[in-house]
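This is model03.pdb (PDB, C-alpha atoms).
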ATOM      1  CA  MET A   1       4.136 -58.858  28.946
ATOM      2  CA  LEU A   2       7.712 -60.075  28.753
ATOM      3  CA  PRO A   3       8.586 -63.171  30.717
ATOM      4  CA  GLY A   4      10.219 -62.013  33.928
ATOM      5  CA  GLY A   5       8.901 -58.578  32.994
ATOM      6  CA  VAL A   6       9.286 -55.320  34.780
ATOM      7  CA  SER A   7       5.738 -54.813  35.929
ATOM      8  CA  GLY A   8       5.103 -53.793  39.489
ATOM      9  CA  LEU A   9       8.023 -51.411  39.676
ATOM     10  CA  GLY A  10       5.639 -48.545  40.141
ATOM     11  CA  LEU A  11       7.112 -46.712  37.187
ATOM     12  CA  LYS A  12       4.906 -44.376  35.224
ATOM     13  CA  ALA A  13       5.454 -43.430  31.598
ATOM     14  CA  ALA A  14       4.074 -40.355  29.821
ATOM     15  CA  VAL A  15       3.234 -40.368  26.124
ATOM     16  CA  VAL A  16       3.021 -36.750  25.001
ATOM     17  CA  VAL A  17       0.319 -36.328  22.371
ATOM     18  CA  PHE A  18       0.272 -33.430  19.923
ATOM     19  CA  PRO A  19      -2.431 -32.779  17.361
ATOM     20  CA  GLY A  20      -1.223 -35.008  14.524
ATOM     21  CA  SER A  21       0.801 -37.496  16.595
ATOM     22  CA  ASN A  22       0.035 -40.950  15.228
ATOM     23  CA  CYS A  23       2.427 -43.390  16.916
ATOM     24  CA  ASP A  24       1.118 -42.551  20.383
ATOM     25  CA  VAL A  25      -1.063 -45.666  20.514
ATOM     26  CA  ASP A  26       1.855 -47.911  19.500
ATOM     27  CA  ILE A  27       4.134 -46.717  22.283
ATOM     28  CA  TYR A  28       1.245 -46.820  24.787
ATOM     29  CA  HIS A  29       0.639 -50.445  23.780
ATOM     30  CA  ALA A  30       4.346 -51.211  24.085
ATOM     31  CA  PHE A  31       4.496 -49.893  27.640
ATOM     32  CA  LEU A  32       1.184 -51.210  28.919
ATOM     33  CA  ASP A  33       0.596 -54.513  27.144
ATOM     34  CA  ILE A  34       4.129 -55.664  26.413
ATOM     35  CA  LEU A  35       6.193 -54.267  29.282
ATOM     36  CA  GLY A  36       3.408 -54.038  31.857
ATOM     37  CA  VAL A  37       4.171 -50.451  32.791
ATOM     38  CA  GLU A  38       1.662 -47.844  33.873
ATOM     39  CA  VAL A  39       1.324 -45.285  31.115
ATOM     40  CA  ARG A  40      -0.799 -42.230  30.413
ATOM     41  CA  TYR A  41      -1.359 -39.959  27.441
ATOM     42  CA  VAL A  42      -0.410 -36.338  28.163
ATOM     43  CA  TRP A  43      -2.171 -33.856  25.866
ATOM     44  CA  HIS A  44       0.071 -31.119  24.513
ATOM     45  CA  GLU A  45      -1.863 -28.446  26.423
ATOM     46  CA  GLU A  46      -1.007 -29.989  29.787
ATOM     47  CA  GLU A  47       1.822 -28.370  31.713
ATOM     48  CA  ASP A  48       2.907 -30.899  34.313
ATOM     49  CA  LEU A  49       5.001 -34.032  33.848
ATOM     50  CA  SER A  50       6.114 -34.298  37.468
ATOM     51  CA  PRO A  51       4.086 -37.474  38.253
ATOM     52  CA  PHE A  52       6.042 -39.413  35.598
ATOM     53  CA  ASP A  53       9.340 -41.296  35.543
ATOM     54  CA  LEU A  54       9.949 -41.164  31.829
ATOM     55  CA  ALA A  55       8.458 -39.321  28.863
ATOM     56  CA  VAL A  56       8.166 -40.198  25.194
ATOM     57  CA  LEU A  57       7.477 -37.796  22.336
ATOM     58  CA  PRO A  58       6.007 -40.161  19.749
ATOM     59  CA  GLY A  59       6.115 -40.172  15.980
ATOM     60  CA  GLY A  60       3.569 -38.685  13.633
ATOM     61  CA  PHE A  61       2.931 -35.379  11.942
ATOM     62  CA  SER A  62       2.371 -32.866  14.723
ATOM     63  CA  TYR A  63       0.529 -29.823  13.375
ATOM     64  CA  GLY A  64       0.491 -31.503   9.975
ATOM     65  CA  ASP A  65       4.229 -30.843   9.630
ATOM     66  CA  TYR A  66       3.202 -27.269   8.738
ATOM     67  CA  LEU A  67       6.130 -24.869   8.379
ATOM     68  CA  ARG A  68       8.697 -27.587   9.272
ATOM     69  CA  PRO A  69       8.312 -30.910  11.099
ATOM     70  CA  GLY A  70       8.249 -30.116  14.813
ATOM     71  CA  ALA A  71       8.426 -26.346  14.354
ATOM     72  CA  LEU A  72       4.955 -25.625  15.741
ATOM     73  CA  ALA A  73       4.806 -28.431  18.317
ATOM     74  CA  ARG A  74       7.863 -26.911  19.915
ATOM     75  CA  PHE A  75       5.686 -24.046  21.176
ATOM     76  CA  SER A  76       3.005 -26.277  22.741
ATOM     77  CA  PRO A  77       2.470 -25.609  26.462
ATOM     78  CA  VAL A  78       3.703 -29.107  27.362
ATOM     79  CA  MET A  79       7.163 -28.367  25.982
ATOM     80  CA  GLU A  80       8.099 -26.232  28.982
ATOM     81  CA  ALA A  81       7.278 -29.255  31.144
ATOM     82  CA  VAL A  82       9.367 -31.478  28.856
ATOM     83  CA  ARG A  83      12.256 -29.045  29.251
ATOM     84  CA  GLU A  84      12.015 -29.151  33.068
ATOM     85  CA  PHE A  85      11.590 -32.930  33.021
ATOM     86  CA  ALA A  86      14.714 -33.269  30.874
ATOM     87  CA  SER A  87      16.788 -30.953  33.033
ATOM     88  CA  SER A  88      15.808 -32.964  36.121
ATOM     89  CA  GLY A  89      17.669 -35.897  34.529
ATOM     90  CA  LYS A  90      14.677 -38.137  33.839
ATOM     91  CA  PRO A  91      14.705 -40.129  30.598
ATOM     92  CA  VAL A  92      13.114 -38.484  27.552
ATOM     93  CA  LEU A  93      12.808 -40.301  24.238
ATOM     94  CA  GLY A  94      11.890 -38.583  20.979
ATOM     95  CA  ILE A  95      10.925 -40.988  18.232
ATOM     96  CA  CYS A  96      10.797 -39.778  14.615
ATOM     97  CA  ASN A  97       8.589 -36.654  14.801
ATOM     98  CA  GLY A  98       9.433 -36.581  18.510
ATOM     99  CA  PHE A  99      13.123 -36.367  17.544
ATOM    100  CA  GLN A 100      12.310 -33.526  15.134
ATOM    101  CA  ILE A 101      10.447 -31.696  17.918
ATOM    102  CA  LEU A 102      13.356 -32.104  20.374
ATOM    103  CA  CYS A 103      15.707 -30.610  17.758
ATOM    104  CA  GLU A 104      13.381 -27.701  16.974
ATOM    105  CA  ALA A 105      13.041 -27.085  20.726
ATOM    106  CA  GLY A 106      16.811 -26.978  21.115
ATOM    107  CA  LEU A 107      16.849 -29.910  23.553
ATOM    108  CA  LEU A 108      18.968 -31.746  20.984
ATOM    109  CA  PRO A 109      21.323 -30.066  18.487
ATOM    110  CA  GLY A 110      20.984 -30.063  14.703
ATOM    111  CA  ALA A 111      17.981 -30.539  12.454
ATOM    112  CA  LEU A 112      16.246 -33.152  10.310
ATOM    113  CA  ARG A 113      16.088 -32.170   6.651
ATOM    114  CA  LYS A 114      14.106 -33.682   3.819
ATOM    115  CA  ASN A 115      15.444 -37.083   2.835
ATOM    116  CA  ALA A 116      18.218 -36.539   0.295
ATOM    117  CA  ASP A 117      16.329 -38.431  -2.435
ATOM    118  CA  LEU A 118      12.989 -36.800  -1.464
ATOM    119  CA  ARG A 119      11.375 -40.236  -0.978
ATOM    120  CA  PHE A 120       9.345 -41.124   2.060
ATOM    121  CA  ARG A 121      11.298 -44.087   3.422
ATOM    122  CA  CYS A 122       9.234 -46.826   5.033
ATOM    123  CA  ARG A 123      11.247 -49.967   5.646
ATOM    124  CA  TRP A 124      13.410 -51.925   8.069
ATOM    125  CA  VAL A 125      16.944 -50.709   8.704
ATOM    126  CA  TRP A 126      19.896 -51.762  10.809
ATOM    127  CA  VAL A 127      21.360 -49.412  13.373
ATOM    128  CA  ARG A 128      24.555 -49.781  15.369
ATOM    129  CA  VAL A 129      24.465 -48.794  19.026
ATOM    130  CA  GLU A 130      27.361 -46.368  19.474
ATOM    131  CA  GLN A 131      26.741 -45.273  23.042
ATOM    132  CA  VAL A 132      25.476 -47.580  25.791
ATOM    133  CA  ASN A 133      25.679 -44.971  28.527
ATOM    134  CA  THR A 134      22.108 -43.710  28.104
ATOM    135  CA  PRO A 135      18.949 -44.953  29.839
ATOM    136  CA  PHE A 136      17.660 -46.358  26.558
ATOM    137  CA  THR A 137      20.786 -48.199  25.469
ATOM    138  CA  CYS A 138      22.057 -49.404  28.854
ATOM    139  CA  LEU A 139      21.058 -53.007  28.070
ATOM    140  CA  CYS A 140      22.855 -52.984  24.708
ATOM    141  CA  LEU A 141      26.451 -53.919  24.006
ATOM    142  CA  PRO A 142      28.717 -51.321  22.380
ATOM    143  CA  GLY A 143      28.458 -51.882  18.628
ATOM    144  CA  GLU A 144      25.360 -54.045  18.940
ATOM    145  CA  VAL A 145      23.268 -54.056  15.770
ATOM    146  CA  LEU A 146      19.498 -53.616  16.074
ATOM    147  CA  ARG A 147      16.890 -54.094  13.375
ATOM    148  CA  LEU A 148      14.260 -51.340  13.529
ATOM    149  CA  PRO A 149      11.690 -49.883  11.137
ATOM    150  CA  ILE A 150      11.790 -46.331   9.791
ATOM    151  CA  ALA A 151       8.949 -44.322   8.239
ATOM    152  CA  HIS A 152       9.811 -40.714   7.457
ATOM    153  CA  GLY A 153      10.222 -38.066   4.788
ATOM    154  CA  ASP A 154      12.394 -35.725   6.866
ATOM    155  CA  GLY A 155      15.024 -37.825   8.601
ATOM    156  CA  ASN A 156      18.169 -36.463   7.028
ATOM    157  CA  TYR A 157      20.218 -35.442  10.056
ATOM    158  CA  TYR A 158      22.233 -32.266   9.729
ATOM    159  CA  ALA A 159      24.399 -30.288  12.101
ATOM    160  CA  PRO A 160      27.236 -27.863  11.348
ATOM    161  CA  ASP A 161      30.725 -29.396  11.434
ATOM    162  CA  PRO A 162      31.715 -28.045  14.864
ATOM    163  CA  VAL A 163      28.526 -29.506  16.362
ATOM    164  CA  LEU A 164      29.165 -32.872  14.693
ATOM    165  CA  GLY A 165      32.676 -32.833  16.094
ATOM    166  CA  GLU A 166      31.324 -32.133  19.552
ATOM    167  CA  LEU A 167      28.725 -34.930  19.285
ATOM    168  CA  GLU A 168      31.418 -37.419  18.264
ATOM    169  CA  ALA A 169      33.947 -36.278  20.853
ATOM    170  CA  GLU A 170      31.408 -36.435  23.674
ATOM    171  CA  GLY A 171      30.035 -39.814  22.565
ATOM    172  CA  ARG A 172      26.590 -38.400  21.871
ATOM    173  CA  VAL A 173      25.998 -40.180  18.580
ATOM    174  CA  VAL A 174      23.841 -42.982  19.980
ATOM    175  CA  PHE A 175      22.784 -44.801  16.797
ATOM    176  CA  ARG A 176      24.231 -45.010  13.285
ATOM    177  CA  TYR A 177      22.609 -46.570  10.215
ATOM    178  CA  CYS A 178      24.615 -49.628   9.206
ATOM    179  CA  ASP A 179      24.346 -52.877   7.289
ATOM    180  CA  ALA A 180      23.529 -56.247   8.863
ATOM    181  CA  ASN A 181      27.220 -56.647   9.774
ATOM    182  CA  GLY A 182      27.315 -53.346  11.616
ATOM    183  CA  ASP A 183      29.271 -51.415   8.996
ATOM    184  CA  ALA A 184      28.083 -47.806   8.702
ATOM    185  CA  ILE A 185      28.495 -47.679   4.925
ATOM    186  CA  PRO A 186      26.831 -45.065   2.656
ATOM    187  CA  GLU A 187      24.584 -47.760   1.112
ATOM    188  CA  ALA A 188      23.056 -48.385   4.546
ATOM    189  CA  ASN A 189      22.092 -44.723   4.940
ATOM    190  CA  PRO A 190      18.388 -44.425   4.054
ATOM    191  CA  ASN A 191      18.023 -40.643   4.043
ATOM    192  CA  GLY A 192      21.346 -38.842   3.583
ATOM    193  CA  SER A 193      22.006 -38.214   7.288
ATOM    194  CA  LEU A 194      25.488 -36.844   7.947
ATOM    195  CA  ARG A 195      27.840 -39.554   9.245
ATOM    196  CA  ASN A 196      24.947 -42.083   9.054
ATOM    197  CA  ILE A 197      23.531 -40.589  12.242
ATOM    198  CA  ALA A 198      20.206 -42.179  13.242
ATOM    199  CA  GLY A 199      20.019 -40.944  16.831
ATOM    200  CA  ILE A 200      21.781 -38.644  19.299
ATOM    201  CA  SER A 201      21.626 -37.595  22.927
ATOM    202  CA  ASN A 202      21.967 -34.419  24.973
ATOM    203  CA  PRO A 203      25.219 -33.929  26.951
ATOM    204  CA  ALA A 204      23.796 -35.646  30.060
ATOM    205  CA  GLY A 205      22.588 -38.610  27.974
ATOM    206  CA  ASN A 206      19.068 -38.679  29.424
ATOM    207  CA  VAL A 207      17.451 -37.098  26.349
ATOM    208  CA  VAL A 208      17.671 -39.320  23.272
ATOM    209  CA  GLY A 209      16.151 -38.765  19.841
ATOM    210  CA  LEU A 210      16.111 -41.212  16.960
ATOM    211  CA  MET A 211      14.361 -41.577  13.627
ATOM    212  CA  PRO A 212      13.705 -45.375  13.754
ATOM    213  CA  HIS A 213      10.659 -46.665  15.642
ATOM    214  CA  PRO A 214      11.509 -48.976  18.562
ATOM    215  CA  GLU A 215       7.821 -49.120  19.535
ATOM    216  CA  ARG A 216       7.057 -50.814  16.219
ATOM    217  CA  ALA A 217       9.631 -53.527  16.885
ATOM    218  CA  MET A 218       8.355 -55.030  20.120
ATOM    219  CA  GLU A 219       6.731 -58.271  18.978
ATOM    220  CA  GLU A 220       7.961 -61.128  16.806
ATOM    221  CA  LEU A 221       4.470 -61.374  15.311
ATOM    222  CA  LEU A 222       4.799 -57.826  13.957
ATOM    223  CA  GLY A 223       8.193 -58.278  12.370
ATOM    224  CA  GLY A 224      10.818 -58.087  15.086
ATOM    225  CA  THR A 225      11.794 -57.210  18.616
ATOM    226  CA  GLY A 226      14.768 -54.890  18.060
ATOM    227  CA  GLY A 227      13.059 -52.101  19.993
ATOM    228  CA  ARG A 228      12.431 -54.005  23.216
ATOM    229  CA  LYS A 229      15.888 -53.498  24.634
ATOM    230  CA  LEU A 230      15.607 -49.732  24.306
ATOM    231  CA  LEU A 231      12.368 -49.329  26.247
ATOM    232  CA  LEU A 232      13.273 -52.060  28.694
ATOM    233  CA  GLY A 233      16.635 -50.322  29.090
ATOM    234  CA  ALA A 234      15.002 -47.116  30.320
ATOM    235  CA  LEU A 235      12.933 -49.050  32.859
ATOM    236  CA  THR A 236      15.966 -50.967  34.065
ATOM    237  CA  TRP A 237      17.982 -47.752  34.275
ATOM    238  CA  LEU A 238      15.233 -46.122  36.352
ATOM    239  CA  ARG A 239      15.161 -49.116  38.684
ATOM    240  CA  GLU A 240      18.948 -49.246  39.081
ATOM    241  CA  PHE A 241      20.015 -45.618  39.053
ATOM    242  CA  ALA A 242      17.097 -43.291  39.692
TER     243      ALA A 242
ATOM    244  CA  MET B   1      -0.204   1.911  11.344
ATOM    245  CA  LYS B   2      -0.176  -1.307   9.331
ATOM    246  CA  TRP B   3       2.881  -2.665   7.586
ATOM    247  CA  ARG B   4       3.363  -5.465   5.130
ATOM    248  CA  ALA B   5       6.401  -7.572   5.923
ATOM    249  CA  GLU B   6       7.582 -10.165   3.475
ATOM    250  CA  VAL B   7       9.855 -12.852   4.870
ATOM    251  CA  ARG B   8      11.653 -15.198   2.491
ATOM    252  CA  VAL B   9      13.302 -18.281   3.904
ATOM    253  CA  TRP B  10      16.066 -20.136   2.088
ATOM    254  CA  LEU B  11      18.253 -23.101   2.857
ATOM    255  CA  LYS B  12      21.647 -21.696   3.767
ATOM    256  CA  GLU B  13      24.110 -20.986   1.013
ATOM    257  CA  GLY B  14      25.869 -24.169  -0.005
ATOM    258  CA  ALA B  15      23.387 -26.523   1.697
ATOM    259  CA  PHE B  16      22.112 -29.223  -0.652
ATOM    260  CA  ASP B  17      18.527 -28.447  -1.696
ATOM    261  CA  PRO B  18      16.907 -31.687  -2.910
ATOM    262  CA  GLN B  19      13.610 -29.939  -3.784
ATOM    263  CA  GLY B  20      15.348 -27.321  -5.877
ATOM    264  CA  GLN B  21      17.329 -30.016  -7.648
ATOM    265  CA  ALA B  22      14.198 -32.072  -8.407
ATOM    266  CA  ILE B  23      12.453 -28.970  -9.804
ATOM    267  CA  GLN B  24      15.490 -28.088 -11.896
ATOM    268  CA  GLN B  25      15.568 -31.606 -13.344
ATOM    269  CA  ALA B  26      11.853 -31.408 -14.205
ATOM    270  CA  LEU B  27      12.353 -28.020 -15.876
ATOM    271  CA  SER B  28      15.226 -29.433 -17.854
ATOM    272  CA  ARG B  29      13.144 -32.421 -18.997
ATOM    273  CA  LEU B  30      10.405 -30.030 -20.088
ATOM    274  CA  GLY B  31      12.828 -28.176 -22.317
ATOM    275  CA  TRP B  32      13.956 -25.276 -20.133
ATOM    276  CA  ASP B  33      17.528 -26.366 -20.482
ATOM    277  CA  ARG B  34      18.887 -22.855 -20.060
ATOM    278  CA  ILE B  35      17.622 -22.694 -16.482
ATOM    279  CA  GLY B  36      20.496 -23.698 -14.249
ATOM    280  CA  GLU B  37      20.381 -24.120 -10.513
ATOM    281  CA  VAL B  38      16.969 -23.834  -8.842
ATOM    282  CA  ARG B  39      16.589 -23.256  -5.135
ATOM    283  CA  ALA B  40      13.265 -23.750  -3.375
ATOM    284  CA  GLY B  41      12.311 -21.542  -0.454
ATOM    285  CA  LYS B  42       9.295 -20.315   1.447
ATOM    286  CA  ALA B  43       7.680 -16.895   1.535
ATOM    287  CA  PHE B  44       5.493 -15.411   4.276
ATOM    288  CA  LEU B  45       3.463 -12.198   4.156
ATOM    289  CA  LEU B  46       2.919 -10.723   7.594
ATOM    290  CA  GLN B  47       0.513  -7.894   8.362
ATOM    291  CA  VAL B  48       2.149  -6.003  11.221
ATOM    292  CA  GLU B  49       0.662  -3.289  13.425
ATOM    293  CA  ALA B  50       3.439  -0.930  14.514
ATOM    294  CA  PRO B  51       3.959   2.846  14.996
ATOM    295  CA  ASP B  52       6.870   2.997  12.556
ATOM    296  CA  GLU B  53       8.770   0.953  10.020
ATOM    297  CA  GLY B  54      11.663   0.214  12.382
ATOM    298  CA  GLU B  55       9.364  -1.370  14.948
ATOM    299  CA  ALA B  56       7.529  -3.356  12.242
ATOM    300  CA  ARG B  57      10.867  -4.617  10.993
ATOM    301  CA  ARG B  58      12.001  -5.548  14.478
ATOM    302  CA  LEU B  59       8.813  -7.582  15.115
ATOM    303  CA  ALA B  60       8.945  -9.353  11.754
ATOM    304  CA  GLU B  61      12.611 -10.140  12.177
ATOM    305  CA  GLU B  62      11.998 -11.630  15.608
ATOM    306  CA  ALA B  63       9.200 -13.804  14.194
ATOM    307  CA  ALA B  64      11.449 -14.937  11.360
ATOM    308  CA  ARG B  65      14.335 -15.728  13.669
ATOM    309  CA  LYS B  66      12.308 -17.564  16.316
ATOM    310  CA  LEU B  67       9.805 -19.435  14.167
ATOM    311  CA  LEU B  68       9.676 -18.934  10.413
ATOM    312  CA  ALA B  69      13.289 -19.960   9.775
ATOM    313  CA  ASN B  70      15.318 -22.659  11.505
ATOM    314  CA  PRO B  71      18.716 -21.001  12.014
ATOM    315  CA  VAL B  72      20.475 -24.388  11.901
ATOM    316  CA  LEU B  73      19.508 -24.853   8.260
ATOM    317  CA  GLU B  74      17.997 -21.687   6.915
ATOM    318  CA  SER B  75      18.582 -17.987   6.395
ATOM    319  CA  PHE B  76      15.949 -15.365   5.657
ATOM    320  CA  SER B  77      15.474 -12.008   4.012
ATOM    321  CA  LEU B  78      12.965  -9.359   5.053
ATOM    322  CA  GLU B  79      11.228  -6.514   3.258
ATOM    323  CA  VAL B  80       8.882  -4.079   4.979
ATOM    324  CA  GLU B  81       6.569  -1.551   3.317
ATOM    325  CA  PRO B  82       3.359   0.285   4.237
ATOM    326  CA  TYR B  83       0.326  -1.967   4.022
ATOM    327  CA  LEU B  84      -2.070  -1.008   1.248
ATOM    328  CA  ALA B  85      -5.623  -2.311   1.600
ATOM    329  CA  SER B  86      -5.679  -3.456  -2.023
ATOM    330  CA  GLY B  87      -2.957  -5.446  -3.669
ATOM    331  CA  SER B  88      -1.164  -6.436  -0.517
ATOM    332  CA  GLY B  89      -1.958 -10.109  -0.743
ATOM    333  CA  GLY B  90       0.899 -10.699  -3.122
ATOM    334  CA  GLU B  91       2.072  -9.373  -6.439
ATOM    335  CA  ALA B  92      -0.490  -9.356  -9.229
ATOM    336  CA  VAL B  93       0.790 -10.815 -12.465
TER     337      VAL B  93
END

Using structure tokens, write down the structure that the file contains.
Amino acid sequence: MLPGGVSGLGLKAAVVVFPGSNCDVDIYHAFLDILGVEVRYVWHEEEDLSPFDLAVLPGGFSYGDYLRPGALARFSPVMEAVREFASSGKPVLGICNGFQILCEAGLLPGALRKNADLRFRCRWVWVRVEQVNTPFTCLCLPGEVLRLPIAHGDGNYYAPDPVLGELEAEGRVVFRYCDANGDAIPEANPNGSLRNIAGISNPAGNVVGLMPHPERAMEELLGGTGGRKLLLGALTWLREFA
Amino acid sequence: MKWRAEVRVWLKEGAFDPQGQAIQQALSRLGWDRIGEVRAGKAFLLQVEAPDEGEARRLAEEAARKLLANPVLESFSLEVEPYLASGSGGEAV
């Protein structure tokens, strides 16, 4: 648990588990053991998220990535509950495959294509925080650079030009791939994403999807703590504003 | 009556197709240097129960639009014909 942690707030996190999710245990560990938050797995056939304060759709390969990543998970019974949960304003985070599912479900715009060079990219990247007015980034400074790991074959963000324009104008690009100095240069783009986009939000800002894995960057021992602020941010946001 | 609907899904015109490009490069290395652009897609054969062709087409099109293709990235084509018990699993070579 973090020193001066956030335990005892009575907050409850849901980790939605699809057949083929494989980062569910990591995010569960992050909430329970590192942040001291009550957390429960919610199987994709469940239909009620009302007991929870925030929900995470974790990474992995739901339904084996059959058809397209996220395309089949989108029709799981739990997704109606995720939709209601999101429209009630509670924080929803989609990580990697979770981001792909949120896009397929239409809760976030655009789509994640195959990486431009067709390689599965598994490494650390830098991302620049572009929008701090979301539950997950409320502890970050505008332009802050975080070091997070990625591990994906389909992370190449695409949206038609008018949608990109809307995302930019409304400040809904939340994270951009950058170098260690915070410059969003093409060389820092690991997968071909348009405008170096690594993560976006819905118009209200409570639904955020990103390809990097904050739950894998929670402990110095395991390579870095760049993800702590994002999860801690949501808890702080819930305590302050919800 | 049974119908055989074939749905083909393609990345939209003009969208970069990294799979197609990789296949084209492999073909070129193997000596097929007269094969130009290659585009990779997906094909689905649906067996549809419907009273007439129009209804079969409507059902298959709905399935393609809502699930088989992602309209953000992909377009699809659709062909519908009566289902024949033999030889409907795909074209014999």

Worksheet item: So which residues get picked by the PyMOL selection byres ((chain B and resi 1) around 8) here, written as a PyMOL selection string?
Response: chain B and resi 2-3+49-52

Can you write out as JSON lines which residues of chain A fall within 7 Å of chain B, alongside each residue's closest atom pair and its distance in Å to one decimal, counting all atoms listed in the file and ordering rows by chain and ascending residue number?
{"residue": "A:Gly110", "atom": "CA", "partner": "B:Val72", "partner_atom": "CA", "distance": 6.3}
{"residue": "A:Ala111", "atom": "CA", "partner": "B:Val72", "partner_atom": "CA", "distance": 6.7}
{"residue": "A:Ala116", "atom": "CA", "partner": "B:Pro18", "partner_atom": "CA", "distance": 6.0}
{"residue": "A:Asp117", "atom": "CA", "partner": "B:Pro18", "partner_atom": "CA", "distance": 6.8}
{"residue": "A:Leu118", "atom": "CA", "partner": "B:Pro18", "partner_atom": "CA", "distance": 6.6}

Next, dump the selected residues to file, keeping only C-alpha atoms, as a CSV table (one decimal), in the frame of the given file.
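Generated output (result.csv):
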chain,number,residue,atom,x,y,z
A,110,GLY,CA,21.0,-30.1,14.7
A,111,ALA,CA,18.0,-30.5,12.5
A,116,ALA,CA,18.2,-36.5,0.3
A,117,ASP,CA,16.3,-38.4,-2.4
A,118,LEU,CA,13.0,-36.8,-1.5

Discussion item. Set the distance at 12 Å and use only C-alpha atoms: which residues neighbour Leu141 (chain A) once local chain neighbours fewer than 4 positions away are removed? I'd like the list as a list in words.
Written reply: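 Residues meeting the cut-off are Arg128, Val129, Glu130, Gln131, Val132, Asn133, Thr134, Phe136, Thr137, Val145, Leu146, Val174, Lys229, Leu230 and Gly233 of chain A.
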
Discussion item. Set the distance at 10 Å and use all atoms listed in the file: which residues neighbour Phe31 (chain A) once local chain neighbours fewer than 3 positions away are removed? I'd like the list as JSON, numbers by chain.
Written reply: {"A": [1, 7, 12, 13, 14, 15, 25, 26, 27, 28, 34, 35, 36, 37, 38, 39, 40, 215, 218, 228, 231, 232, 235]}

Discussion item. Running the PyMOL selection byres ((chain B and resi 35-39) around 8) on this model by hand, what would come out? Give it as a list of chain:residue names.
Written reply: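 Given this file, the PyMOL selection byres ((chain B and resi 35-39) around 8) evaluates to B:Trp10, B:Asp17, B:Gln19, B:Gly20, B:Gln21, B:Ile23, B:Gln24, B:Leu27, B:Ser28, B:Trp32, B:Asp33, B:Arg34, B:Ala40, B:Gly41.
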
Apply the PyMOL selection byres ((chain A and resi 51) around 10) to the structure shown and report the selected residues as a PDB file with C-alpha atoms, keeping the file's coordinate frame.
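Output below, filename result-v2.pdb:
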ATOM      1  CA  LEU A  11       7.112 -46.712  37.187  1.00  0.00           C
ATOM      2  CA  LYS A  12       4.906 -44.376  35.224  1.00  0.00           C
ATOM      3  CA  ALA A  13       5.454 -43.430  31.598  1.00  0.00           C
ATOM      4  CA  ALA A  14       4.074 -40.355  29.821  1.00  0.00           C
ATOM      5  CA  ASP A  48       2.907 -30.899  34.313  1.00  0.00           C
ATOM      6  CA  LEU A  49       5.001 -34.032  33.848  1.00  0.00           C
ATOM      7  CA  SER A  50       6.114 -34.298  37.468  1.00  0.00           C
ATOM      8  CA  PHE A  52       6.042 -39.413  35.598  1.00  0.00           C
ATOM      9  CA  ASP A  53       9.340 -41.296  35.543  1.00  0.00           C
ATOM     10  CA  LEU A  54       9.949 -41.164  31.829  1.00  0.00           C
TER      11      LEU A  54
END

Fill in: Of the listed residues A:Ser21, A:Ser62, A:Ser193, A:Asn202, that which approaches Asn115 (chain A) most closely, counting all atoms listed in the file
A:Ser193

Worksheet item: Any idea what the distance is between CA of Gly227 (chain A) and CA of Trp124 (chain A)?
Response: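 Between these atoms lies a distance of 11.9 Å.
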
Worksheet entry | Å distance separating CA of Gly209 (chain A) from CA of Phe76 (chain B), one decimal place | 27.4 Å

Worksheet item: When you draw a straight line from CA of Ala73 (chain A) to CA of Tyr158 (chain A), how long is it in Å?
Response: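 Between these atoms lies a distance of 19.8 Å.
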